[in-house]
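Novice: Next comes structure-v7.txt, compact mmCIF, C-alpha atoms and all ligand atoms:
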```txt
# COMPACT_ATOMS: atom_id res chain seq x y z
CA MET A 1 0.00 0.00 0.00
CA THR A 2 1.39 3.41 -0.93
CA SER A 3 1.52 6.22 1.60
CA LEU A 4 -1.30 7.86 -0.37
CA GLU A 5 -3.49 4.78 0.07
CA LEU A 6 -2.62 4.66 3.77
CA ALA A 7 -3.54 8.32 4.11
CA GLU A 8 -6.87 7.55 2.45
CA ARG A 9 -7.46 4.61 4.78
CA TYR A 10 -7.23 6.75 7.93
CA SER A 11 -8.49 9.99 6.35
CA ARG A 12 -11.72 10.21 8.38
CA GLN A 13 -9.84 9.70 11.63
CA VAL A 14 -7.08 12.16 10.69
CA LEU A 15 -9.78 14.74 9.96
CA PHE A 16 -10.87 14.50 13.58
CA ALA A 17 -9.09 17.40 15.31
CA GLY A 18 -8.05 15.35 18.33
CA ILE A 19 -6.03 12.95 16.17
CA GLY A 20 -4.69 14.80 13.08
CA ALA A 21 -1.78 13.64 10.91
CA GLU A 22 0.68 13.82 13.81
CA GLY A 23 -1.60 11.75 16.04
CA GLN A 24 -2.02 9.15 13.31
CA ARG A 25 1.79 8.84 13.03
CA LYS A 26 1.99 8.31 16.77
CA LEU A 27 -0.65 5.57 16.56
CA ALA A 28 1.30 3.84 13.79
CA ALA A 29 4.44 3.84 15.95
CA ALA A 30 2.61 2.64 19.09
CA CYS A 31 2.76 -0.74 20.82
CA VAL A 32 -0.22 -1.72 22.98
CA ALA A 33 -0.68 -4.95 24.95
CA ILE A 34 -4.17 -6.37 25.42
CA VAL A 35 -4.29 -8.89 28.25
CA GLY A 36 -7.25 -11.21 27.71
CA CYS A 37 -9.00 -11.41 24.36
CA GLY A 38 -12.54 -12.48 25.21
CA ALA A 39 -15.43 -10.06 24.91
CA THR A 40 -13.92 -6.71 25.96
CA GLY A 41 -10.48 -7.70 24.63
CA SER A 42 -11.94 -8.52 21.20
CA ALA A 43 -13.75 -5.21 21.02
CA LEU A 44 -10.66 -3.27 22.17
CA ALA A 45 -8.38 -5.08 19.70
CA SER A 46 -10.81 -4.57 16.84
CA LEU A 47 -11.21 -0.83 17.48
CA LEU A 48 -7.49 -0.15 17.93
CA ALA A 49 -6.49 -2.31 14.96
CA ARG A 50 -8.91 -0.44 12.70
CA ALA A 51 -7.66 2.87 14.13
CA GLY A 52 -4.14 1.96 12.96
CA VAL A 53 -2.27 1.23 16.20
CA GLY A 54 0.98 -0.16 14.77
CA THR A 55 1.59 -3.11 17.09
CA LEU A 56 -1.01 -4.96 19.13
CA ARG A 57 0.20 -7.68 21.43
CA ILE A 58 -2.69 -10.02 22.13
CA ILE A 59 -2.34 -12.27 25.17
CA ASP A 60 -4.97 -14.90 25.94
CA ARG A 61 -4.99 -18.31 27.63
CA ASP A 62 -8.28 -19.64 26.29
CA TYR A 63 -9.79 -21.13 23.13
CA VAL A 64 -12.91 -20.17 21.15
CA GLU A 65 -16.20 -21.91 22.04
CA PRO A 66 -19.69 -21.53 20.56
CA SER A 67 -20.95 -19.70 23.68
CA ASN A 68 -18.39 -16.93 23.01
CA LEU A 69 -19.87 -15.88 19.68
CA GLN A 70 -22.74 -13.84 21.16
CA ARG A 71 -20.30 -11.13 22.33
CA GLN A 72 -16.69 -11.87 21.29
CA SER A 73 -16.67 -9.97 18.05
CA LEU A 74 -13.36 -11.15 16.57
CA PHE A 75 -14.41 -14.81 16.34
CA ASP A 76 -16.61 -16.86 14.06
CA GLU A 77 -18.15 -20.34 13.89
CA ALA A 78 -15.12 -21.86 12.16
CA ASP A 79 -12.86 -20.69 15.03
CA ALA A 80 -15.17 -22.36 17.55
CA ALA A 81 -15.37 -25.57 15.49
CA GLU A 82 -11.55 -25.71 15.47
CA SER A 83 -11.26 -24.67 19.16
CA LEU A 84 -8.64 -22.16 18.01
CA PRO A 85 -6.80 -20.30 20.76
CA LYS A 86 -8.36 -16.84 20.98
CA ALA A 87 -5.04 -15.05 20.51
CA ILE A 88 -4.41 -16.92 17.23
CA ALA A 89 -7.96 -16.42 15.94
CA ALA A 90 -7.83 -12.72 16.86
CA ALA A 91 -4.52 -12.13 15.06
CA ARG A 92 -5.85 -13.87 11.93
CA LYS A 93 -9.03 -11.83 11.94
CA ILE A 94 -7.11 -8.58 12.40
CA ALA A 95 -4.73 -9.47 9.54
CA ALA A 96 -7.78 -9.89 7.29
CA PHE A 97 -9.05 -6.35 7.88
CA ASN A 98 -5.79 -4.50 8.53
CA SER A 99 -2.68 -6.14 7.10
CA HIS A 100 -0.62 -2.99 7.70
CA ILE A 101 -0.31 -3.37 11.43
CA VAL A 102 1.30 -6.11 13.49
CA ALA A 103 -0.94 -8.28 15.67
CA GLU A 104 1.29 -10.50 17.82
CA PRO A 105 -0.56 -13.46 19.34
CA HIS A 106 0.62 -14.93 22.64
CA VAL A 107 -1.24 -18.05 23.81
CA ALA A 108 -0.43 -17.73 27.49
CA ASP A 109 -1.83 -17.11 30.94
CA ALA A 110 -0.25 -13.95 32.34
CA THR A 111 1.50 -14.92 35.58
CA PRO A 112 4.10 -13.33 37.88
CA GLU A 113 6.75 -15.46 36.15
CA ASN A 114 6.02 -14.46 32.56
CA ILE A 115 4.36 -11.03 32.76
CA GLU A 116 7.56 -9.07 32.21
CA GLY A 117 8.34 -10.95 29.00
CA LEU A 118 4.76 -10.64 27.78
CA LEU A 119 4.44 -6.90 28.41
CA GLN A 120 7.99 -5.76 27.65
CA GLY A 121 8.05 -2.89 25.15
CA ALA A 122 4.36 -2.08 25.42
CA GLN A 123 3.67 1.58 26.19
CA LEU A 124 0.07 0.98 27.27
CA ILE A 125 -1.69 -2.06 28.74
CA LEU A 126 -5.38 -2.76 28.25
CA ASP A 127 -7.38 -5.06 30.47
CA GLY A 128 -9.47 -7.61 28.62
CA THR A 129 -9.44 -10.09 31.50
CA ASP A 130 -12.35 -11.37 33.52
CA ASN A 131 -10.68 -11.73 36.92
CA PHE A 132 -9.22 -9.62 39.68
CA GLU A 133 -6.19 -11.86 40.18
CA THR A 134 -4.80 -10.94 36.76
CA ARG A 135 -5.89 -7.31 37.08
CA TYR A 136 -3.94 -6.89 40.34
CA LEU A 137 -0.95 -8.47 38.62
CA ILE A 138 -1.23 -5.98 35.73
CA ASN A 139 -1.63 -3.15 38.26
CA ASP A 140 1.54 -4.14 40.14
CA PHE A 141 3.51 -4.44 36.89
CA ALA A 142 2.20 -1.14 35.51
CA VAL A 143 2.81 0.79 38.74
CA GLU A 144 6.32 -0.62 39.13
CA ASN A 145 7.18 0.28 35.53
CA SER A 146 5.22 3.58 35.44
CA LEU A 147 3.14 2.38 32.50
CA PRO A 148 -0.43 3.55 31.98
CA TRP A 149 -3.14 0.89 31.89
CA ILE A 150 -6.90 0.82 31.51
CA TYR A 151 -9.21 -1.38 33.59
CA THR A 152 -12.32 -2.55 31.75
CA ALA A 153 -15.13 -4.78 33.00
CA ALA A 154 -18.53 -5.91 31.79
CA VAL A 155 -21.04 -8.31 33.31
CA ALA A 156 -24.83 -8.59 32.88
CA SER A 157 -25.90 -5.06 31.78
CA TYR A 158 -23.08 -3.40 33.73
CA ALA A 159 -19.97 -1.77 32.23
CA ALA A 160 -17.10 -0.12 34.09
CA THR A 161 -13.73 1.37 33.22
CA LEU A 162 -10.86 3.22 34.93
CA ASN A 163 -7.68 4.81 33.55
CA ILE A 164 -4.60 4.30 35.70
CA LEU A 165 -1.69 6.72 35.27
CA PRO A 166 0.81 5.56 37.89
CA GLY A 167 1.92 8.34 40.23
CA LYS A 168 -0.70 10.72 38.84
CA THR A 169 -4.08 9.07 39.45
CA ALA A 170 -5.46 6.38 41.74
CA CYS A 171 -4.39 2.84 40.86
CA LEU A 172 -6.63 -0.24 40.98
CA ALA A 173 -5.45 -1.07 44.51
CA CYS A 174 -6.25 2.49 45.69
CA ILE A 175 -9.87 1.99 44.68
CA PHE A 176 -10.20 -1.73 45.43
CA PRO A 177 -7.60 -2.59 48.12
CA ASP A 178 -9.00 -6.12 48.20
CA PRO A 179 -10.78 -8.18 45.59
CA PRO A 180 -14.56 -8.09 45.83
CA SER A 181 -15.64 -10.78 48.29
CA GLY A 182 -18.74 -12.90 48.62
CA MET A 183 -20.91 -13.73 45.66
CA VAL A 184 -19.24 -12.03 42.74
CA GLU A 185 -21.23 -11.80 39.55
CA THR A 186 -19.62 -13.37 36.50
CA CYS A 187 -20.71 -13.92 32.91
CA GLU A 188 -21.34 -17.55 33.86
CA THR A 189 -23.69 -16.73 36.74
CA SER A 190 -25.35 -13.48 35.64
CA GLY A 191 -25.04 -13.57 31.88
CA ILE A 192 -23.91 -10.62 29.81
CA LEU A 193 -25.25 -8.25 27.20
CA ASN A 194 -22.94 -7.71 24.26
CA SER A 195 -23.88 -4.01 24.28
CA ALA A 196 -22.42 -3.62 27.80
CA VAL A 197 -19.17 -5.12 26.50
CA ASN A 198 -19.01 -2.76 23.56
CA LEU A 199 -19.81 0.31 25.67
CA ALA A 200 -17.00 -0.43 28.14
CA ALA A 201 -14.59 -1.20 25.28
CA SER A 202 -15.55 1.92 23.28
CA ILE A 203 -14.86 4.21 26.21
CA ALA A 204 -11.58 2.44 27.06
CA ALA A 205 -10.42 2.45 23.42
CA THR A 206 -11.06 6.20 23.18
CA GLU A 207 -9.05 6.79 26.36
CA ALA A 208 -6.29 4.65 24.83
CA LEU A 209 -6.24 6.85 21.71
CA LYS A 210 -5.93 9.96 23.90
CA LEU A 211 -2.96 8.46 25.74
CA LEU A 212 -1.27 7.29 22.53
CA VAL A 213 -1.52 10.64 20.74
CA GLY A 214 -0.36 12.53 23.85
CA ALA A 215 -3.68 14.12 24.83
CA GLU A 216 -3.22 13.25 28.50
CA ASP A 217 -5.07 16.38 29.62
CA GLN A 218 -8.23 14.90 28.07
CA VAL A 219 -7.92 11.58 29.87
CA ARG A 220 -10.79 10.89 32.32
CA ARG A 221 -9.75 10.62 35.97
CA SER A 222 -12.59 8.62 37.46
CA LEU A 223 -14.01 5.12 37.75
CA LEU A 224 -16.97 5.32 35.39
CA SER A 225 -19.76 2.76 35.38
CA PHE A 226 -23.08 2.24 33.66
CA ASP A 227 -25.99 -0.09 34.10
CA LEU A 228 -27.53 -0.09 30.65
CA TRP A 229 -30.67 -1.96 31.68
CA ARG A 230 -31.50 0.28 34.65
CA ASN A 231 -30.33 3.47 32.93
CA GLU A 232 -27.88 4.26 35.71
CA ARG A 233 -24.53 6.00 35.52
CA ALA A 234 -22.03 6.45 38.35
CA GLU A 235 -18.62 8.09 38.64
CA ILE A 236 -16.11 7.88 41.49
CA SER A 237 -13.13 10.24 41.46
CA ALA A 238 -9.73 8.65 40.86
CA ALA A 239 -7.90 11.97 40.47
CA GLU A 240 -5.43 11.36 43.30
CA PRO A 241 -3.45 8.29 44.39
CA GLY A 242 -4.84 6.94 47.67
CA ALA A 243 -2.87 7.69 50.83
CA GLY A 244 -0.99 4.60 51.99
CA CYS A 245 -1.90 2.48 48.96
CA ARG A 246 -0.06 -0.85 49.08
CA ALA A 247 0.84 -0.73 45.39
CA CYS A 248 1.37 2.87 44.29
CA GLY A 249 2.15 4.28 47.76
CA GLU A 250 4.29 1.64 49.44
CA HIS A 251 5.47 -0.19 46.30
CA ASP A 252 4.65 -3.49 47.95
CA PHE A 253 3.95 -5.59 44.85
CA ILE A 254 2.51 -8.74 46.41
CA HIS A 255 0.83 -9.89 43.20
CA LEU A 256 3.98 -9.46 41.12
CA ALA A 257 5.86 -11.41 43.78
CA GLY A 258 3.28 -14.14 43.21
CA GLU A 259 2.74 -14.78 46.91
CA GLY A 260 0.42 -17.68 47.40
CA ARG A 261 -0.51 -17.87 43.77
CA PRO A 262 -1.57 -21.40 42.88
CA HIS A 263 -0.59 -23.18 39.67
CA ILE A 264 -4.06 -24.55 39.48
CA THR A 265 -7.02 -22.22 39.25
CA LEU A 266 -10.71 -22.24 38.59
CA CYS A 267 -11.45 -20.45 35.37
CA GLY A 268 -15.21 -20.19 35.15
CA ARG A 269 -17.67 -22.37 33.25
CA ASN A 270 -17.14 -25.51 35.27
CA SER A 271 -13.45 -25.81 34.45
CA VAL A 272 -10.02 -25.86 36.02
CA GLN A 273 -6.74 -24.63 34.55
CA ILE A 274 -3.52 -26.49 35.36
CA HIS A 275 -0.11 -25.07 34.64
CA GLU A 276 2.31 -26.96 36.79
CA ARG A 277 4.46 -28.64 34.23
CA HIS A 278 6.45 -25.87 32.57
CA ARG A 279 7.69 -28.08 29.77
CA PRO A 280 6.51 -27.99 26.19
CA VAL A 281 4.28 -30.79 24.90
CA ASN A 282 4.40 -32.21 21.38
CA LEU A 283 0.71 -32.27 20.47
CA ALA A 284 1.06 -34.85 17.66
CA GLU A 285 2.88 -37.32 19.93
CA MET A 286 0.46 -36.68 22.76
CA SER A 287 -2.45 -37.27 20.39
CA ASP A 288 -1.10 -40.74 19.50
CA ARG A 289 -0.63 -41.54 23.17
CA LEU A 290 -4.15 -40.52 24.11
CA LYS A 291 -6.00 -42.24 21.23
CA PRO A 292 -6.57 -45.52 23.11
CA HIS A 293 -8.18 -43.63 26.00
CA GLY A 294 -10.81 -41.45 24.35
CA ALA A 295 -11.70 -39.17 21.46
CA VAL A 296 -8.76 -36.93 20.61
CA ARG A 297 -8.05 -34.33 17.94
CA HIS A 298 -5.42 -31.63 17.56
CA ASN A 299 -4.13 -28.84 15.31
CA ASP A 300 -0.93 -26.78 15.53
CA PHE A 301 -2.19 -24.82 18.51
CA VAL A 302 -4.35 -27.01 20.68
CA LEU A 303 -5.27 -30.62 21.51
CA LYS A 304 -8.73 -31.72 22.67
CA PHE A 305 -9.16 -34.96 24.58
CA LEU A 306 -12.64 -36.14 25.47
CA ARG A 307 -13.07 -38.67 28.23
CA GLU A 308 -16.60 -38.48 29.53
CA PRO A 309 -17.59 -36.55 31.55
CA TYR A 310 -14.38 -34.53 31.22
CA GLU A 311 -12.84 -32.64 28.34
CA MET A 312 -9.19 -31.66 28.46
CA THR A 313 -7.75 -28.93 26.25
CA LEU A 314 -3.96 -29.02 26.12
CA PHE A 315 -1.69 -26.23 24.84
CA PRO A 316 1.88 -26.63 23.52
CA ASP A 317 3.35 -24.97 26.65
CA GLY A 318 1.97 -27.81 28.81
CA ARG A 319 -0.95 -25.82 30.17
CA ALA A 320 -4.35 -27.55 30.27
CA ILE A 321 -7.94 -26.52 30.82
CA ILE A 322 -10.08 -29.34 32.17
CA LYS A 323 -13.79 -28.92 31.66
CA GLY A 324 -16.49 -30.82 33.51
CA THR A 325 -15.27 -30.25 37.05
CA THR A 326 -14.45 -27.54 39.56
CA ASP A 327 -12.64 -30.06 41.78
CA THR A 328 -8.93 -29.29 41.51
CA ALA A 329 -8.00 -32.76 42.82
CA ILE A 330 -9.92 -34.48 40.01
CA ALA A 331 -8.38 -32.14 37.45
CA ARG A 332 -4.88 -32.73 38.79
CA SER A 333 -5.28 -36.50 38.75
CA LEU A 334 -6.63 -36.51 35.17
CA TYR A 335 -3.71 -34.40 34.11
CA ALA A 336 -1.19 -36.61 35.89
CA ARG A 337 -2.74 -39.75 34.42
CA TYR A 338 -2.92 -38.66 30.80
CA VAL A 339 -0.29 -35.96 30.33
CA GLY A 340 2.17 -36.84 33.06
CA SER A 341 3.31 -34.91 36.07
ZN ZN A 401 -2.66 2.86 44.44
```
As structure tokens, please, write out the structure in this file.
Ligand SMILES: [Zn+2]
Specialist:
Amino acid sequence: MTSLELAERYSRQVLFAGIGAEGQRKLAAACVAIVGCGATGSALASLLARAGVGTLRIIDRDYVEPSNLQRQSLFDEADAAESLPKAIAAARKIAAFNSHIVAEPHVADATPENIEGLLQGAQLILDGTDNFETRYLINDFAVENSLPWIYTAAVASYAATLNILPGKTACLACIFPDPPSGMVETCETSGILNSAVNLAASIAATEALKLLVGAEDQVRRSLLSFDLWRNERAEISAAEPGAGCRACGEHDFIHLAGEGRPHITLCGRNSVQIHERHRPVNLAEMSDRLKPHGAVRHNDFVLKFLREPYEMTLFPDGRAIIKGTTDTAIARSLYARYVGS
């Protein structure tokens, strides 16, 4: 594509006074990491890829399923049929509508051990996760490295987002010193409207554009939330870092230190993730080994092994998601029996 064609591609965005030709050049040179590429992550990646952000690093641990298609806008039925990892499917979809940017897929669960490698070189981090454990980890990393990040959440008809500029505004731990306790709503228990996802992602993507073009004075300094069904809107100031905050005040990065973090975690929808064996797995060899024990299929990115009532999805890095149980002991024993400990 010639520079004239590229100019034409982004012409309507360049015309917008807040972006301009200089802003568009900054977007092209930018590197943004999106942690989690489900519903909000898909919408964020899609908007920023179309806007011409030069490098998008897409990090996701999961694979596409039919129940994702209602709201996860980068995926289609073929991706679900193949159980493609979301990061791979997202990068392919982005390449089809904008081949002039780089979408780097990383099929991985962000952990204290690997987060530095995953986020290195990114100038902005966007939250597309669905859990506070990973968000606190992002917050610790971002505060320690003075990198801006944007929290985004959507569940049921509720959407929320917060911009975190370390040292300048409140961080996630200032506002939520502890994870929400008790019965926490999730997409699995309370459902989700795709419009709530897109609202949260649209606001966060706009804030990301402001940060990337250097319009920091326009960046919102509050936790903003909406309930689209009840027509409610709320805003809590985040203009100042909280006094005595563990993360941004005392620089006590307990989540980055990984204290007490298990290698086996529940990950929604009646499933357990295991990542204890940090050794790569050859999926073709594993497929041959598992054939006598149940239905098995694999591609370059993922292996599926069905042994009623459980379904194990195995990734090349040795990580597995075991569906059909929330009992970590059952999941661990299945993994040990069929993959090896
Ligand atoms: Zn803080």
Novice: Which value, in Å to one decimal, gives the distance between CA of Val14 (chain A) and CA of Ala28 (chain A)?
Specialist: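 We find that CA of Val14 (chain A) and CA of Ala28 (chain A) lie 12.2 Å from each other.
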Novice: Out of A:Thr325, A:Thr55, A:Ser222, A:Thr169, which residue has the shortest atom-to-atom distance to ligand ZN 401 (chain A) when counting only C-alpha atoms and all ligand atoms?
Specialist: A:Thr169
Novice: Residues up to 7 Å from ligand ZN 401 (chain A), counting all atoms listed in the file: could you list those as a count of residues only?
Specialist: 12
Novice: Assuming 5 Å of padding per side, give the centre and edge lengths of the axis-aligned box around every listed atom of region 237-247 of chain A, in Å to one decimal and as lines of an AutoDock Vina configuration file.
Specialist:
```
center_x = -6.1
center_y = 5.6
center_z = 46.2
size_x = 24.0
size_y = 22.8
size_z = 21.5
```
Novice: When you draw a straight line from CA of Lys26 (chain A) to CA of Leu48 (chain A), how long is it in Å?
Specialist: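 Calculated distance between CA of Lys26 (chain A) and CA of Leu48 (chain A) is 12.8 Å.
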Novice: What is the distance, in Å and to one decimal place, between CA of Arg135 (chain A) and CA of Ala257 (chain A)?
Specialist: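 One can read the CA of Arg135 (chain A) to CA of Ala257 (chain A) distance as 14.1 Å.
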Novice: Given the point (-5.5, -30.9, 39.5) in the file's coordinates, find the residues that have an atom at most 10 Å from it, counting all atoms listed in the file, and give them as a list in words.
Specialist: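 Residues close enough to count: His263, Ile264, Thr265, Val272, Gln273, Ile274, His275, Glu276, Ala320, Ile322, Thr326, Asp327, Thr328, Ala329, Ile330, Ala331, Arg332, Ser333, Leu334, Tyr335 and Ala336 of chain A.
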Novice: May I have a table of the residues of region 170-240 of chain A lying at most 6 Å from region 38-46 of chain A, giving each one's closest pair of atoms and their distance in Å to one decimal, counting only C-alpha atoms, ordered by chain and ascending residue number, as JSON lines?
Specialist:
```
{"residue": "A:Val197", "atom": "CA", "partner": "A:Thr40", "partner_atom": "CA", "distance": 5.5}
{"residue": "A:Ala201", "atom": "CA", "partner": "A:Leu44", "partner_atom": "CA", "distance": 5.4}
{"residue": "A:Ala205", "atom": "CA", "partner": "A:Leu44", "partner_atom": "CA", "distance": 5.9}
```
Novice: With all atoms listed in the file as the atoms that count, which of A:His255, A:Arg9, A:Arg57, A:Arg71 lies nearest to Glu104 (chain A)?
Specialist: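 Checking each of A:His255, A:Arg9, A:Arg57, A:Arg71 against Glu104 (chain A), counting all atoms listed in the file, the winner is A:Arg57.
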Novice: Got a sec to check which residues sit within 12 Å of (-16.3, -20.7, 32.1), counting only C-alpha atoms, and write them as a list in words?
Specialist: Gly38, Asp62, Tyr63, Val64, Glu65, Ser67, Asn68, Asp130, Asn131, Thr186, Cys187, Glu188, Thr189, Gly191, Thr265, Leu266, Cys267, Gly268, Arg269, Asn270, Ser271, Val272, Gln273, Ile321, Ile322, Lys323, Gly324, Thr325 and Thr326 of chain A
Novice: Find the residues around Ile192 (chain A) up to 12 Å (only C-alpha atoms counted), leave out those fewer than 6 positions away in its own chain, and share them as JSON, numbers by chain.
Specialist: {"A": [39, 40, 67, 68, 70, 71, 72, 153, 154, 155, 156, 157, 158, 159, 185, 186, 198, 227, 228, 229]}
Novice: Report as a compact mmCIF listing (two decimals) with C-alpha atoms, keeping the file's coordinate frame all protein, DNA and RNA residues lying within 12 Å of Asn114 (chain A), evaluated on only C-alpha atoms, omitting residues in the same chain fewer than 2 positions from it.
Specialist:
```txt
# COMPACT_ATOMS: atom_id res chain seq x y z
CA ILE A 59 -2.34 -12.27 25.17
CA HIS A 106 0.62 -14.93 22.64
CA VAL A 107 -1.24 -18.05 23.81
CA ALA A 108 -0.43 -17.73 27.49
CA ASP A 109 -1.83 -17.11 30.94
CA ALA A 110 -0.25 -13.95 32.34
CA THR A 111 1.50 -14.92 35.58
CA PRO A 112 4.10 -13.33 37.88
CA GLU A 116 7.56 -9.07 32.21
CA GLY A 117 8.34 -10.95 29.00
CA LEU A 118 4.76 -10.64 27.78
CA LEU A 119 4.44 -6.90 28.41
CA GLN A 120 7.99 -5.76 27.65
CA LEU A 137 -0.95 -8.47 38.62
CA ILE A 138 -1.23 -5.98 35.73
CA PHE A 141 3.51 -4.44 36.89
CA LEU A 256 3.98 -9.46 41.12
CA ALA A 257 5.86 -11.41 43.78
CA GLY A 258 3.28 -14.14 43.21
CA HIS A 278 6.45 -25.87 32.57
```
Novice: Quick one: region 223-237 of chain A with N, CA, C and O atoms, as an mmCIF file, in the frame of the given file?
Specialist:
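And here is the file that came out, rebuild28.cif:
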```cif
data_model
loop_
_atom_site.group_PDB
_atom_site.id
_atom_site.type_symbol
_atom_site.label_atom_id
_atom_site.label_comp_id
_atom_site.auth_asym_id
_atom_site.auth_seq_id
_atom_site.Cartn_x
_atom_site.Cartn_y
_atom_site.Cartn_z
ATOM 1 N N LEU A 223 -13.458 6.438 38.041
ATOM 2 C CA LEU A 223 -14.010 5.120 37.750
ATOM 3 C C LEU A 223 -15.436 5.362 37.269
ATOM 4 O O LEU A 223 -16.274 5.867 38.011
ATOM 5 N N LEU A 224 -15.673 5.034 36.024
ATOM 6 C CA LEU A 224 -16.970 5.320 35.390
ATOM 7 C C LEU A 224 -17.713 4.013 35.199
ATOM 8 O O LEU A 224 -17.129 3.029 34.729
ATOM 9 N N SER A 225 -18.990 3.988 35.589
ATOM 10 C CA SER A 225 -19.760 2.760 35.380
ATOM 11 C C SER A 225 -21.171 3.073 34.913
ATOM 12 O O SER A 225 -21.707 4.154 35.164
ATOM 13 N N PHE A 226 -21.717 2.114 34.185
ATOM 14 C CA PHE A 226 -23.080 2.240 33.660
ATOM 15 C C PHE A 226 -23.830 0.944 33.925
ATOM 16 O O PHE A 226 -23.241 -0.139 33.874
ATOM 17 N N ASP A 227 -25.116 1.061 34.195
ATOM 18 C CA ASP A 227 -25.990 -0.090 34.100
ATOM 19 C C ASP A 227 -26.969 0.213 32.963
ATOM 20 O O ASP A 227 -27.867 1.046 33.106
ATOM 21 N N LEU A 228 -26.766 -0.433 31.850
ATOM 22 C CA LEU A 228 -27.530 -0.090 30.650
ATOM 23 C C LEU A 228 -29.002 -0.492 30.763
ATOM 24 O O LEU A 228 -29.857 0.111 30.122
ATOM 25 N N TRP A 229 -29.278 -1.511 31.572
ATOM 26 C CA TRP A 229 -30.670 -1.960 31.680
ATOM 27 C C TRP A 229 -31.466 -1.030 32.584
ATOM 28 O O TRP A 229 -32.610 -0.706 32.329
ATOM 29 N N ARG A 230 -30.816 -0.584 33.681
ATOM 30 C CA ARG A 230 -31.500 0.280 34.650
ATOM 31 C C ARG A 230 -31.292 1.767 34.361
ATOM 32 O O ARG A 230 -31.713 2.609 35.145
ATOM 33 N N ASN A 231 -30.585 2.072 33.300
ATOM 34 C CA ASN A 231 -30.330 3.470 32.930
ATOM 35 C C ASN A 231 -29.630 4.236 34.046
ATOM 36 O O ASN A 231 -30.001 5.349 34.373
ATOM 37 N N GLU A 232 -28.610 3.603 34.632
ATOM 38 C CA GLU A 232 -27.880 4.260 35.710
ATOM 39 C C GLU A 232 -26.445 4.516 35.287
ATOM 40 O O GLU A 232 -25.852 3.734 34.546
ATOM 41 N N ARG A 233 -25.910 5.630 35.810
ATOM 42 C CA ARG A 233 -24.530 6.000 35.520
ATOM 43 C C ARG A 233 -23.899 6.465 36.821
ATOM 44 O O ARG A 233 -24.544 7.195 37.577
ATOM 45 N N ALA A 234 -22.689 6.025 37.113
ATOM 46 C CA ALA A 234 -22.030 6.450 38.350
ATOM 47 C C ALA A 234 -20.571 6.781 38.058
ATOM 48 O O ALA A 234 -19.971 6.237 37.125
ATOM 49 N N GLU A 235 -20.011 7.693 38.839
ATOM 50 C CA GLU A 235 -18.620 8.090 38.640
ATOM 51 C C GLU A 235 -17.990 8.335 40.007
ATOM 52 O O GLU A 235 -18.572 9.015 40.844
ATOM 53 N N ILE A 236 -16.834 7.706 40.216
ATOM 54 C CA ILE A 236 -16.110 7.880 41.490
ATOM 55 C C ILE A 236 -14.764 8.499 41.133
ATOM 56 O O ILE A 236 -14.062 8.001 40.253
ATOM 57 N N SER A 237 -14.386 9.561 41.808
ATOM 58 C CA SER A 237 -13.130 10.240 41.460
ATOM 59 C C SER A 237 -11.921 9.329 41.673
ATOM 60 O O SER A 237 -11.845 8.599 42.658
#
```
